[in-house]
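Heads up, my_file22.txt below (compact mmCIF, C-alpha atoms and all ligand atoms):
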# COMPACT_ATOMS: atom_id res chain seq x y z
CA MET A 1 16.26 -53.46 -243.03
CA SER A 2 18.63 -54.54 -245.77
CA LEU A 3 21.14 -57.23 -245.02
CA SER A 4 24.11 -54.96 -245.74
CA HIS A 5 22.77 -52.34 -243.33
CA HIS A 6 22.35 -55.01 -240.68
CA ALA A 7 25.90 -56.30 -241.19
CA ALA A 8 27.29 -52.78 -240.66
CA ALA A 9 25.74 -52.38 -237.21
CA PRO A 10 28.28 -52.55 -234.39
CA SER A 11 28.15 -55.82 -232.51
CA GLY A 12 29.04 -54.38 -229.08
CA SER A 13 29.67 -57.96 -228.03
CA ALA A 14 30.75 -58.48 -224.44
CA VAL A 15 33.00 -61.36 -225.52
CA ALA A 16 36.53 -60.06 -225.15
CA ARG A 17 38.95 -60.87 -227.97
CA HIS A 18 42.66 -61.26 -227.40
CA ASP A 19 43.72 -61.58 -231.01
CA TRP A 20 43.36 -58.00 -232.25
CA THR A 21 45.64 -57.47 -235.25
CA ARG A 22 47.22 -54.13 -236.00
CA VAL A 23 45.36 -54.02 -239.32
CA GLU A 24 42.03 -54.30 -237.48
CA VAL A 25 43.00 -51.76 -234.83
CA ARG A 26 44.21 -49.33 -237.48
CA ALA A 27 40.93 -49.74 -239.36
CA LEU A 28 39.10 -48.63 -236.20
CA PHE A 29 41.29 -45.52 -235.88
CA GLU A 30 40.57 -44.72 -239.55
CA LEU A 31 36.78 -45.01 -239.31
CA PRO A 32 34.82 -41.83 -239.95
CA PHE A 33 34.47 -40.13 -236.54
CA PRO A 34 30.68 -40.70 -236.24
CA ASP A 35 31.06 -44.43 -237.00
CA LEU A 36 33.89 -44.83 -234.50
CA MET A 37 31.94 -43.01 -231.78
CA TYR A 38 28.78 -45.02 -232.47
CA GLN A 39 30.63 -48.31 -232.27
CA ALA A 40 32.51 -47.32 -229.09
CA ALA A 41 29.36 -46.01 -227.38
CA THR A 42 27.50 -49.21 -228.31
CA VAL A 43 30.22 -51.41 -226.80
CA HIS A 44 30.28 -49.15 -223.73
CA ARG A 45 26.51 -49.46 -223.20
CA ARG A 46 26.50 -53.24 -223.60
CA ASN A 47 29.05 -53.55 -220.81
CA PHE A 48 28.48 -50.60 -218.46
CA ASP A 49 26.00 -47.98 -217.36
CA PRO A 50 27.24 -45.05 -219.49
CA THR A 51 26.19 -42.52 -216.83
CA GLU A 52 28.60 -43.93 -214.22
CA VAL A 53 32.21 -42.82 -213.82
CA GLN A 54 34.69 -44.51 -211.50
CA ILE A 55 36.66 -42.06 -209.38
CA SER A 56 40.24 -42.68 -208.22
CA THR A 57 42.49 -40.41 -206.21
CA LEU A 58 46.25 -40.44 -206.61
CA LEU A 59 48.89 -39.83 -203.97
CA SER A 60 52.63 -39.67 -204.53
CA ILE A 61 53.93 -41.55 -201.47
CA LYS A 62 57.54 -41.26 -202.64
CA THR A 63 58.32 -38.32 -204.86
CA GLY A 64 61.24 -37.57 -207.20
CA GLY A 65 64.87 -38.63 -207.36
CA CYS A 66 64.11 -41.55 -209.70
CA PRO A 67 67.12 -43.16 -211.43
CA GLU A 68 65.16 -44.00 -214.63
CA ASP A 69 65.22 -41.88 -217.81
CA CYS A 70 61.52 -41.89 -218.87
CA ALA A 71 61.50 -38.83 -221.17
CA TYR A 72 58.04 -37.69 -220.07
CA CYS A 73 58.62 -37.82 -216.34
CA PRO A 74 59.12 -34.86 -214.00
CA GLN A 75 60.35 -37.26 -211.28
CA ALA A 76 63.46 -38.51 -213.08
CA ALA A 77 66.48 -37.22 -211.13
CA ARG A 78 68.41 -36.49 -214.33
CA TYR A 79 65.99 -33.80 -215.57
CA ASP A 80 65.87 -30.36 -214.00
CA THR A 81 62.13 -30.01 -213.41
CA GLY A 82 62.01 -28.44 -209.96
CA VAL A 83 60.63 -31.65 -208.38
CA LYS A 84 62.57 -32.30 -205.15
CA ALA A 85 63.44 -35.84 -204.07
CA GLU A 86 61.59 -36.86 -200.93
CA LYS A 87 61.59 -39.90 -198.67
CA LEU A 88 58.72 -42.38 -198.43
CA MET A 89 55.77 -40.71 -196.67
CA ALA A 90 54.93 -41.74 -193.12
CA PHE A 91 52.10 -44.23 -192.57
CA ASP A 92 49.87 -41.76 -190.69
CA ALA A 93 50.23 -39.06 -193.34
CA VAL A 94 49.20 -41.51 -196.08
CA LEU A 95 46.15 -42.63 -194.11
CA LYS A 96 45.13 -39.02 -193.57
CA GLU A 97 45.23 -38.41 -197.33
CA ALA A 98 43.24 -41.59 -197.95
CA ALA A 99 40.56 -40.47 -195.50
CA ALA A 100 40.33 -37.12 -197.32
CA ALA A 101 40.03 -38.93 -200.68
CA LYS A 102 37.21 -41.09 -199.34
CA ALA A 103 35.41 -38.08 -197.89
CA GLY A 104 35.76 -36.43 -201.31
CA GLY A 105 33.95 -39.35 -202.99
CA ALA A 106 36.80 -41.50 -204.36
CA SER A 107 36.30 -45.27 -204.47
CA ARG A 108 39.93 -46.14 -205.28
CA PHE A 109 43.15 -44.81 -203.76
CA CYS A 110 46.30 -45.16 -205.83
CA MET A 111 49.72 -44.80 -204.23
CA GLY A 112 52.61 -43.96 -206.56
CA ALA A 113 56.33 -44.17 -205.86
CA ALA A 114 59.20 -42.86 -208.00
CA TRP A 115 61.21 -46.08 -207.83
CA ARG A 116 62.82 -48.16 -210.57
CA SER A 117 61.81 -51.12 -208.42
CA PRO A 118 61.06 -51.29 -204.69
CA LYS A 119 63.42 -52.79 -202.12
CA ASP A 120 61.93 -55.52 -199.95
CA ARG A 121 61.88 -53.09 -197.00
CA ASP A 122 59.87 -50.62 -199.15
CA ILE A 123 57.39 -53.38 -199.93
CA GLU A 124 56.81 -54.04 -196.22
CA ASN A 125 56.10 -50.34 -195.62
CA VAL A 126 53.72 -50.12 -198.58
CA CYS A 127 51.92 -53.32 -197.49
CA ALA A 128 51.15 -51.67 -194.13
CA MET A 129 49.71 -48.67 -196.01
CA VAL A 130 47.62 -50.94 -198.25
CA GLU A 131 46.17 -52.68 -195.19
CA GLY A 132 45.34 -49.35 -193.56
CA VAL A 133 43.72 -47.84 -196.67
CA LYS A 134 41.74 -50.98 -197.38
CA ALA A 135 40.40 -51.01 -193.82
CA MET A 136 38.80 -47.62 -194.62
CA GLY A 137 36.69 -49.26 -197.31
CA LEU A 138 38.67 -47.95 -200.28
CA GLU A 139 39.94 -50.06 -203.17
CA THR A 140 43.73 -49.98 -203.19
CA CYS A 141 46.13 -49.50 -206.10
CA ALA A 142 49.89 -49.07 -206.11
CA THR A 143 52.45 -48.18 -208.76
CA LEU A 144 55.97 -48.79 -207.50
CA GLY A 145 57.97 -49.74 -210.61
CA MET A 146 59.19 -53.22 -211.56
CA LEU A 147 58.22 -56.10 -209.27
CA ASN A 148 59.54 -59.63 -208.98
CA ARG A 149 57.26 -62.60 -208.30
CA GLU A 150 57.83 -62.61 -204.53
CA GLN A 151 57.10 -58.89 -204.19
CA ALA A 152 53.86 -59.25 -206.17
CA ALA A 153 52.81 -62.17 -203.95
CA ARG A 154 53.60 -60.14 -200.81
CA LEU A 155 51.49 -57.21 -202.05
CA LYS A 156 48.64 -59.58 -202.83
CA LYS A 157 48.84 -60.92 -199.27
CA SER A 158 48.43 -57.37 -197.92
CA GLY A 159 45.14 -57.14 -199.84
CA LEU A 160 46.29 -54.92 -202.73
CA ASP A 161 43.46 -54.79 -205.30
CA TYR A 162 45.24 -53.24 -208.35
CA TYR A 163 48.79 -52.69 -209.55
CA ASN A 164 49.48 -49.98 -212.12
CA HIS A 165 52.32 -50.58 -214.56
CA ASN A 166 52.00 -49.00 -217.99
CA LEU A 167 53.33 -50.18 -221.34
CA ASP A 168 53.43 -46.44 -222.14
CA THR A 169 53.61 -46.74 -225.97
CA SER A 170 54.22 -49.17 -228.86
CA PRO A 171 57.19 -51.58 -228.69
CA GLU A 172 58.71 -49.69 -231.67
CA PHE A 173 58.54 -46.18 -230.19
CA TYR A 174 59.42 -47.28 -226.66
CA GLY A 175 63.22 -47.01 -227.14
CA GLU A 176 62.90 -43.30 -227.94
CA ILE A 177 61.23 -42.67 -224.59
CA ILE A 178 62.98 -44.99 -222.11
CA THR A 179 66.36 -46.70 -222.26
CA THR A 180 66.86 -47.78 -218.63
CA ARG A 181 64.36 -50.67 -218.79
CA THR A 182 62.97 -52.70 -221.67
CA TYR A 183 59.47 -53.37 -222.95
CA GLU A 184 60.10 -57.00 -222.01
CA ASP A 185 60.84 -55.92 -218.39
CA ARG A 186 57.41 -54.29 -218.32
CA LEU A 187 55.66 -57.37 -219.67
CA ASP A 188 57.48 -59.48 -217.04
CA THR A 189 56.22 -57.25 -214.20
CA LEU A 190 52.69 -57.44 -215.61
CA ASP A 191 52.98 -61.22 -215.68
CA HIS A 192 54.14 -61.30 -212.03
CA VAL A 193 51.24 -59.07 -210.98
CA ARG A 194 48.70 -61.13 -212.92
CA SER A 195 50.10 -64.44 -211.63
CA ALA A 196 49.86 -63.16 -208.04
CA GLY A 197 46.13 -62.62 -208.57
CA ILE A 198 46.24 -58.81 -208.40
CA ASN A 199 44.06 -56.85 -210.86
CA VAL A 200 46.10 -55.17 -213.57
CA CYS A 201 45.97 -51.43 -214.35
CA CYS A 202 47.93 -50.89 -217.56
CA GLY A 203 47.77 -48.30 -220.30
CA GLY A 204 49.95 -45.63 -221.82
CA ILE A 205 50.61 -42.06 -222.85
CA VAL A 206 49.80 -40.34 -226.11
CA GLY A 207 51.05 -36.96 -227.36
CA MET A 208 54.73 -37.93 -226.95
CA GLY A 209 55.49 -37.40 -230.66
CA GLU A 210 54.46 -40.94 -231.59
CA ASN A 211 52.59 -41.54 -234.84
CA LEU A 212 49.30 -43.26 -235.57
CA ALA A 213 51.07 -46.62 -236.05
CA ASP A 214 52.43 -46.31 -232.50
CA ARG A 215 49.01 -45.61 -231.02
CA VAL A 216 47.74 -48.62 -232.98
CA GLY A 217 50.67 -50.73 -231.68
CA MET A 218 50.03 -49.67 -228.09
CA ILE A 219 46.32 -50.57 -228.14
CA ALA A 220 46.93 -53.80 -230.08
CA THR A 221 49.56 -54.88 -227.53
CA LEU A 222 47.30 -54.09 -224.56
CA ALA A 223 44.36 -55.88 -226.18
CA SER A 224 46.49 -58.94 -226.98
CA LEU A 225 47.65 -59.53 -223.41
CA PRO A 226 46.52 -62.99 -222.20
CA GLN A 227 43.92 -61.19 -220.07
CA HIS A 228 42.89 -57.58 -220.66
CA PRO A 229 43.96 -55.18 -217.91
CA GLU A 230 40.95 -54.49 -215.67
CA SER A 231 41.86 -50.78 -215.83
CA VAL A 232 43.33 -49.06 -218.88
CA PRO A 233 44.60 -45.53 -218.17
CA ILE A 234 45.02 -43.44 -221.31
CA ASN A 235 47.20 -40.44 -220.42
CA MET A 236 47.63 -37.32 -222.54
CA LEU A 237 51.25 -36.25 -222.03
CA VAL A 238 51.56 -33.54 -219.38
CA GLN A 239 54.40 -31.48 -220.81
CA VAL A 240 56.74 -30.59 -217.97
CA GLU A 241 59.49 -27.99 -218.41
CA GLY A 242 62.90 -29.62 -218.07
CA THR A 243 61.85 -33.02 -219.48
CA PRO A 244 62.99 -33.96 -223.01
CA LEU A 245 59.34 -33.99 -224.17
CA ALA A 246 58.49 -30.48 -222.95
CA GLN A 247 58.38 -28.98 -226.45
CA ARG A 248 56.66 -31.81 -228.36
CA THR A 249 53.89 -30.78 -230.76
CA LYS A 250 50.59 -31.29 -228.96
CA LEU A 251 48.31 -34.10 -230.13
CA ASP A 252 45.00 -33.04 -231.70
CA PRO A 253 42.39 -33.60 -228.95
CA LEU A 254 40.22 -35.51 -231.46
CA ASP A 255 43.05 -38.03 -231.88
CA PHE A 256 43.02 -38.45 -228.10
CA VAL A 257 39.27 -39.11 -228.25
CA ARG A 258 39.85 -41.67 -231.02
CA THR A 259 42.43 -43.46 -228.84
CA ILE A 260 39.89 -43.72 -226.02
CA ALA A 261 37.23 -45.03 -228.43
CA VAL A 262 39.53 -47.69 -229.89
CA ALA A 263 40.62 -48.78 -226.38
CA ARG A 264 36.93 -49.13 -225.43
CA ILE A 265 36.12 -51.24 -228.50
CA CYS A 266 39.17 -53.51 -228.18
CA MET A 267 38.85 -54.00 -224.39
CA PRO A 268 35.06 -53.92 -223.94
CA ALA A 269 34.85 -54.98 -220.29
CA SER A 270 37.79 -52.92 -218.97
CA MET A 271 37.53 -49.62 -217.16
CA VAL A 272 39.03 -47.06 -219.55
CA ARG A 273 40.47 -44.13 -217.63
CA LEU A 274 40.65 -40.62 -219.02
CA SER A 275 43.84 -40.22 -217.06
CA ALA A 276 46.52 -37.47 -216.97
CA GLY A 277 46.11 -34.35 -219.12
CA ARG A 278 42.59 -33.22 -218.15
CA GLU A 279 43.87 -29.94 -216.70
CA ASP A 280 44.61 -28.73 -220.24
CA MET A 281 41.55 -30.35 -221.84
CA SER A 282 38.33 -28.53 -222.67
CA GLU A 283 35.08 -29.73 -221.14
CA GLU A 284 33.93 -30.54 -224.67
CA THR A 285 36.90 -32.85 -225.27
CA GLN A 286 36.30 -34.59 -221.94
CA ALA A 287 32.60 -34.98 -222.79
CA LEU A 288 33.60 -36.63 -226.09
CA CYS A 289 35.91 -38.97 -224.15
CA PHE A 290 32.97 -40.07 -221.98
CA LEU A 291 30.88 -40.62 -225.12
CA ALA A 292 33.77 -42.64 -226.55
CA GLY A 293 33.62 -44.99 -223.57
CA ALA A 294 35.91 -43.51 -220.91
CA ASN A 295 34.39 -44.42 -217.54
CA SER A 296 37.04 -43.53 -215.00
CA ILE A 297 38.99 -40.39 -213.99
CA PHE A 298 41.57 -39.23 -211.48
CA TYR A 299 39.84 -36.90 -209.07
CA GLY A 300 41.44 -34.26 -206.85
CA PRO A 301 43.63 -31.22 -207.57
CA LYS A 302 46.91 -33.10 -208.02
CA LEU A 303 48.06 -36.12 -210.01
CA LEU A 304 51.48 -37.22 -208.69
CA THR A 305 53.39 -33.95 -209.08
CA THR A 306 51.35 -31.99 -211.64
CA PRO A 307 47.93 -30.29 -211.38
CA ASN A 308 44.58 -31.94 -212.10
CA PRO A 309 41.21 -30.10 -212.19
CA GLY A 310 39.82 -29.12 -208.77
CA ARG A 311 37.10 -31.20 -207.12
CA ASP A 312 34.47 -28.47 -207.53
CA SER A 313 35.00 -27.99 -211.24
CA ASP A 314 34.97 -31.76 -211.81
CA MET A 315 31.75 -32.20 -209.84
CA LYS A 316 30.20 -29.38 -211.90
CA LEU A 317 31.31 -31.06 -215.12
CA LEU A 318 29.92 -34.46 -214.11
CA ASP A 319 26.72 -32.76 -213.06
CA LYS A 320 26.39 -30.86 -216.32
CA LEU A 321 26.79 -34.12 -218.23
CA GLY A 322 24.38 -36.05 -215.98
CA LEU A 323 27.15 -38.42 -214.87
CA ARG A 324 27.59 -39.77 -211.37
CA ALA A 325 30.34 -41.41 -209.35
CA MET A 326 30.36 -45.20 -209.39
CA GLU A 327 29.88 -46.70 -205.90
N1 LIG B 401 57.90 -45.26 -211.03
C1 LIG B 401 56.86 -46.15 -211.32
C2 LIG B 401 56.82 -46.57 -212.77
O1 LIG B 401 57.25 -45.82 -213.63
O2 LIG B 401 56.35 -47.66 -213.03
C3 LIG B 401 55.49 -45.65 -210.92
C4 LIG B 401 55.11 -44.18 -211.12
S1 LIG B 401 55.10 -43.56 -212.79
C5 LIG B 401 55.05 -41.84 -212.53
C6 LIG B 401 53.50 -44.07 -213.42
C7 LIG B 401 53.11 -43.66 -214.80
O3 LIG B 401 52.76 -42.30 -214.85
C8 LIG B 401 54.12 -43.81 -215.92
O4 LIG B 401 54.25 -45.11 -216.38
C9 LIG B 401 53.51 -42.92 -216.99
O5 LIG B 401 52.68 -43.67 -217.83
C10 LIG B 401 52.71 -41.90 -216.19
N2 LIG B 401 53.28 -40.54 -216.34
C11 LIG B 401 54.40 -40.07 -215.76
N3 LIG B 401 54.67 -38.80 -216.15
C12 LIG B 401 53.68 -38.45 -217.00
C13 LIG B 401 53.40 -37.26 -217.73
N4 LIG B 401 54.21 -36.20 -217.70
N5 LIG B 401 52.29 -37.23 -218.51
C14 LIG B 401 51.47 -38.32 -218.56
N6 LIG B 401 51.69 -39.46 -217.89
C15 LIG B 401 52.79 -39.54 -217.12
C1 LIG B 402 48.79 -43.42 -214.85
O1 LIG B 402 48.63 -44.06 -215.90
N1 LIG B 402 48.78 -42.11 -214.73
C2 LIG B 402 49.03 -41.69 -213.38
C3 LIG B 402 49.06 -43.03 -212.62
N2 LIG B 402 49.00 -43.98 -213.67
C4 LIG B 402 50.09 -43.31 -211.64
C5 LIG B 402 50.22 -40.80 -213.23
C6 LIG B 402 50.13 -39.53 -214.04
C7 LIG B 402 51.32 -38.72 -213.70
C8 LIG B 402 51.33 -37.38 -214.39
C9 LIG B 402 52.55 -36.61 -214.09
C10 LIG B 402 52.71 -36.21 -212.64
O2 LIG B 402 51.75 -35.72 -212.01
O3 LIG B 402 53.83 -36.34 -212.10
FE1 LIG B 403 60.83 -43.07 -212.49
FE2 LIG B 403 58.37 -43.96 -212.93
FE3 LIG B 403 59.06 -41.44 -213.59
FE4 LIG B 403 60.04 -43.46 -214.99
S1 LIG B 403 57.87 -42.89 -214.82
S2 LIG B 403 61.21 -41.73 -214.22
S3 LIG B 403 60.28 -45.03 -213.43
S4 LIG B 403 58.95 -42.29 -211.55
Once more with this new file: its structure as structure tokens, please.
Ligand code: SAM
Ligand code: DTB
Ligand code: SF4
Amino acid sequence: MSLSHHAAAPSGSAVARHDWTRVEVRALFELPFPDLMYQAATVHRRNFDPTEVQISTLLSIKTGGCPEDCAYCPQAARYDTGVKAEKLMAFDAVLKEAAAAKAGGASRFCMGAAWRSPKDRDIENVCAMVEGVKAMGLETCATLGMLNREQAARLKKSGLDYYNHNLDTSPEFYGEIITTRTYEDRLDTLDHVRSAGINVCCGGIVGMGENLADRVGMIATLASLPQHPESVPINMLVQVEGTPLAQRTKLDPLDFVRTIAVARICMPASMVRLSAGREDMSEETQALCFLAGANSIFYGPKLLTTPNPGRDSDMKLLDKLGLRAME
């Protein structure tokens, strides 16, 4: 083998870097598709069994009526999307849903609330739910909005395994999507979660009208956090009628696959979740995402308020691809 050929082989190193520059990340996005896929699949295989997919189920424990202005979100009170504001679900009802998720094969149960930030009373109620869900043998995740240090510590004490808080996009594009909280606010919450010793689930959304530089900026920011998020959800925008982003030009599915591949390469040991948007995605696109290093999905017919593929069709897809649920 010639030296130059050898030098071109992907390293797939398990050593995680935290100093990814935008130039380097952009160069990955601009690789010829076969080279990008080869490199991503190599990194995936060095760090994980590529036939295993982690399965999480989502439940909206507090739906709608949110005061924030996130332009993608059907739960923002200011957009007329048909989502009705509800109160926090009762403890027993949440546990019933968690039991159904476990019976369906999920290993992680993620509880989402349409809050800007929880009140301390809300935190106490959610902590009770976390304890109950955990006692069933499920991993627990919550996404409740901005947290202060004390709230993160209280959630940790209840046994919460993961906290989801997304950066959503690049720092430059962020202001066009959300004005009611800053990028810095998000980084602060992530710091509080990390400092409390809770695993971090943090990713973003593509297909919001951002450009390549924004997708580069989003991945470079995630991969430059002091510690990579343990879970990185990559969402394809679910266009919801009534939200400001309902009519955005759809992203080419191959650019979505590229985003997954670059996330896999830059954060080699993280779980990369093929998150929202699968309902409108072909099986072929999803298969490419798994080849590109995605190893986690949301499972069950509903995300928070929008549809997700049914359990049967997902099981058929995993089966067709020879993939199985991670224990
Ligand atoms: N209210 C809390 C917050 O924003 O932090 C927690 C719930 S919020 C719905 C969680 C995440 O869902 C958002 O950060 C966003 O990334 C994602 N999301 C919301 N609406 C979406 C949509 N229409 N398409 C794709 N992802 C979406
Ligand atoms: C994440 O990154 N995606 C999930 C979860 N974290 C909470 C939410 C997707 C929501 C899609 C729109 C809806 O169903 O309301
Ligand atoms: Fe509220 Fe979260 Fe939706 Fe933003 S993403 S409007 S904070 S529920």
Identify, on the basis of all atoms listed in the file, every residue whose closest approach to segment 269-272 of chain A does not exceed 9 Å; exclude the query and any residue fewer than 3 positions from it along the same chain; express the result as a count of residues only. 25
Is it possible to get the axis-aligned box enclosing ligand LIG 402 (chain B) (all listed atoms, 5 Å extra per side) as lines of an AutoDock Vina configuration file, with centre and edge lengths in Å rounded to one decimal?
center_x = 51.2
center_y = -39.9
center_z = -213.8
size_x = 15.2
size_y = 18.3
size_z = 14.3
At a cut-off of 6 Å and counting only C-alpha atoms and all ligand atoms, what residues surround ligand LIG 401 (chain B)? Please answer as a PyMOL selection string. chain A and resi 72-73+112-116+143-145+165-166+168+204-205+235-239+276
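Counting all atoms listed in the file, the residue from A:Ala101, A:Leu323, A:Ala77, A:Ile265 that sits nearest to ligand LIG 403 (chain B) is A:Ala77.
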With all atoms listed in the file as the counted atoms, please give the residues lying no more than 9 Å from segment 211-216 of chain A, apart from itself and same-chain residues fewer than 2 positions off, as number ranges by chain. A: 22-23, 25-26, 29, 169-173, 206-209, 218-221, 255, 259, 262
Please produce a file of the residues just selected, as a PDB file, keeping the file's coordinate frame, where the atoms kept are C-alpha atoms.
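Everything below was put into again-v3.pdb:
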ATOM      1  CA  ARG A  22      47.220 -54.130-236.000  1.00  0.00           C
ATOM      2  CA  VAL A  23      45.360 -54.020-239.320  1.00  0.00           C
ATOM      3  CA  VAL A  25      43.000 -51.760-234.830  1.00  0.00           C
ATOM      4  CA  ARG A  26      44.210 -49.330-237.480  1.00  0.00           C
ATOM      5  CA  PHE A  29      41.290 -45.520-235.880  1.00  0.00           C
ATOM      6  CA  THR A 169      53.610 -46.740-225.970  1.00  0.00           C
ATOM      7  CA  SER A 170      54.220 -49.170-228.860  1.00  0.00           C
ATOM      8  CA  PRO A 171      57.190 -51.580-228.690  1.00  0.00           C
ATOM      9  CA  GLU A 172      58.710 -49.690-231.670  1.00  0.00           C
ATOM     10  CA  PHE A 173      58.540 -46.180-230.190  1.00  0.00           C
ATOM     11  CA  VAL A 206      49.800 -40.340-226.110  1.00  0.00           C
ATOM     12  CA  GLY A 207      51.050 -36.960-227.360  1.00  0.00           C
ATOM     13  CA  MET A 208      54.730 -37.930-226.950  1.00  0.00           C
ATOM     14  CA  GLY A 209      55.490 -37.400-230.660  1.00  0.00           C
ATOM     15  CA  MET A 218      50.030 -49.670-228.090  1.00  0.00           C
ATOM     16  CA  ILE A 219      46.320 -50.570-228.140  1.00  0.00           C
ATOM     17  CA  ALA A 220      46.930 -53.800-230.080  1.00  0.00           C
ATOM     18  CA  THR A 221      49.560 -54.880-227.530  1.00  0.00           C
ATOM     19  CA  ASP A 255      43.050 -38.030-231.880  1.00  0.00           C
ATOM     20  CA  THR A 259      42.430 -43.460-228.840  1.00  0.00           C
ATOM     21  CA  VAL A 262      39.530 -47.690-229.890  1.00  0.00           C
TER      22      VAL A 262
END
Shortest contact to ligand LIG 403 (chain B), candidates A:Ile61, A:Leu36, A:Leu321, A:Ala41, atoms counted only C-alpha atoms and all ligand atoms, goes to A:Ile61
I need the residue nearest Phe256 of chain A from this list: A:Glu24, A:Gly217, A:Thr305, A:Gly277. Use all atoms listed in the file for the distance.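 The answer is A:Gly277, which sits nearest to Phe256 of chain A.
With only C-alpha atoms as the atoms that count, the residue of A:Ala128, A:Ala93, A:Ala261, A:Ala71 with the shortest distance to Leu291 of chain A is A:Ala261.
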Identify which of the residues A:Asn199, A:Ser158, A:Thr140, A:Ser107 lies closest to Ser56 of chain A, counting all atoms listed in the file when measuring atom-to-atom distances.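 Between A:Asn199, A:Ser158, A:Thr140, A:Ser107, the residue approaching Ser56 of chain A most closely is A:Ser107.
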From the list A:Leu28, A:Leu190, A:Leu251, A:Ala325, which residue is nearest Asp280 of chain A when using all atoms listed in the file?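 Nearest candidate to Asp280 of chain A out of A:Leu28, A:Leu190, A:Leu251, A:Ala325: A:Leu251.
Atom to atom, atom CA of Thr306 of chain A and atom CA of Ser60 of chain A stand 10.5 Å apart.
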Mind giving me the straight-line distance from atom CA of Lys102 of chain A to atom FE4 of ligand LIG 403 (chain B) in Å, one decimal? 27.8 Å
Length of the atom CA of Glu150 of chain A to atom CA of Glu97 of chain A vector [Å]: 28.2 Å
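Within the 12 Å cut-off around Asp312 of chain A, using only C-alpha atoms and omitting residues fewer than 3 positions from it on the same chain, the listed residues are Gly104, Gly105, Tyr299, Gly300, Pro301, Asn308, Pro309, Met315, Lys316, Leu317, Leu318 and Asp319 of chain A.
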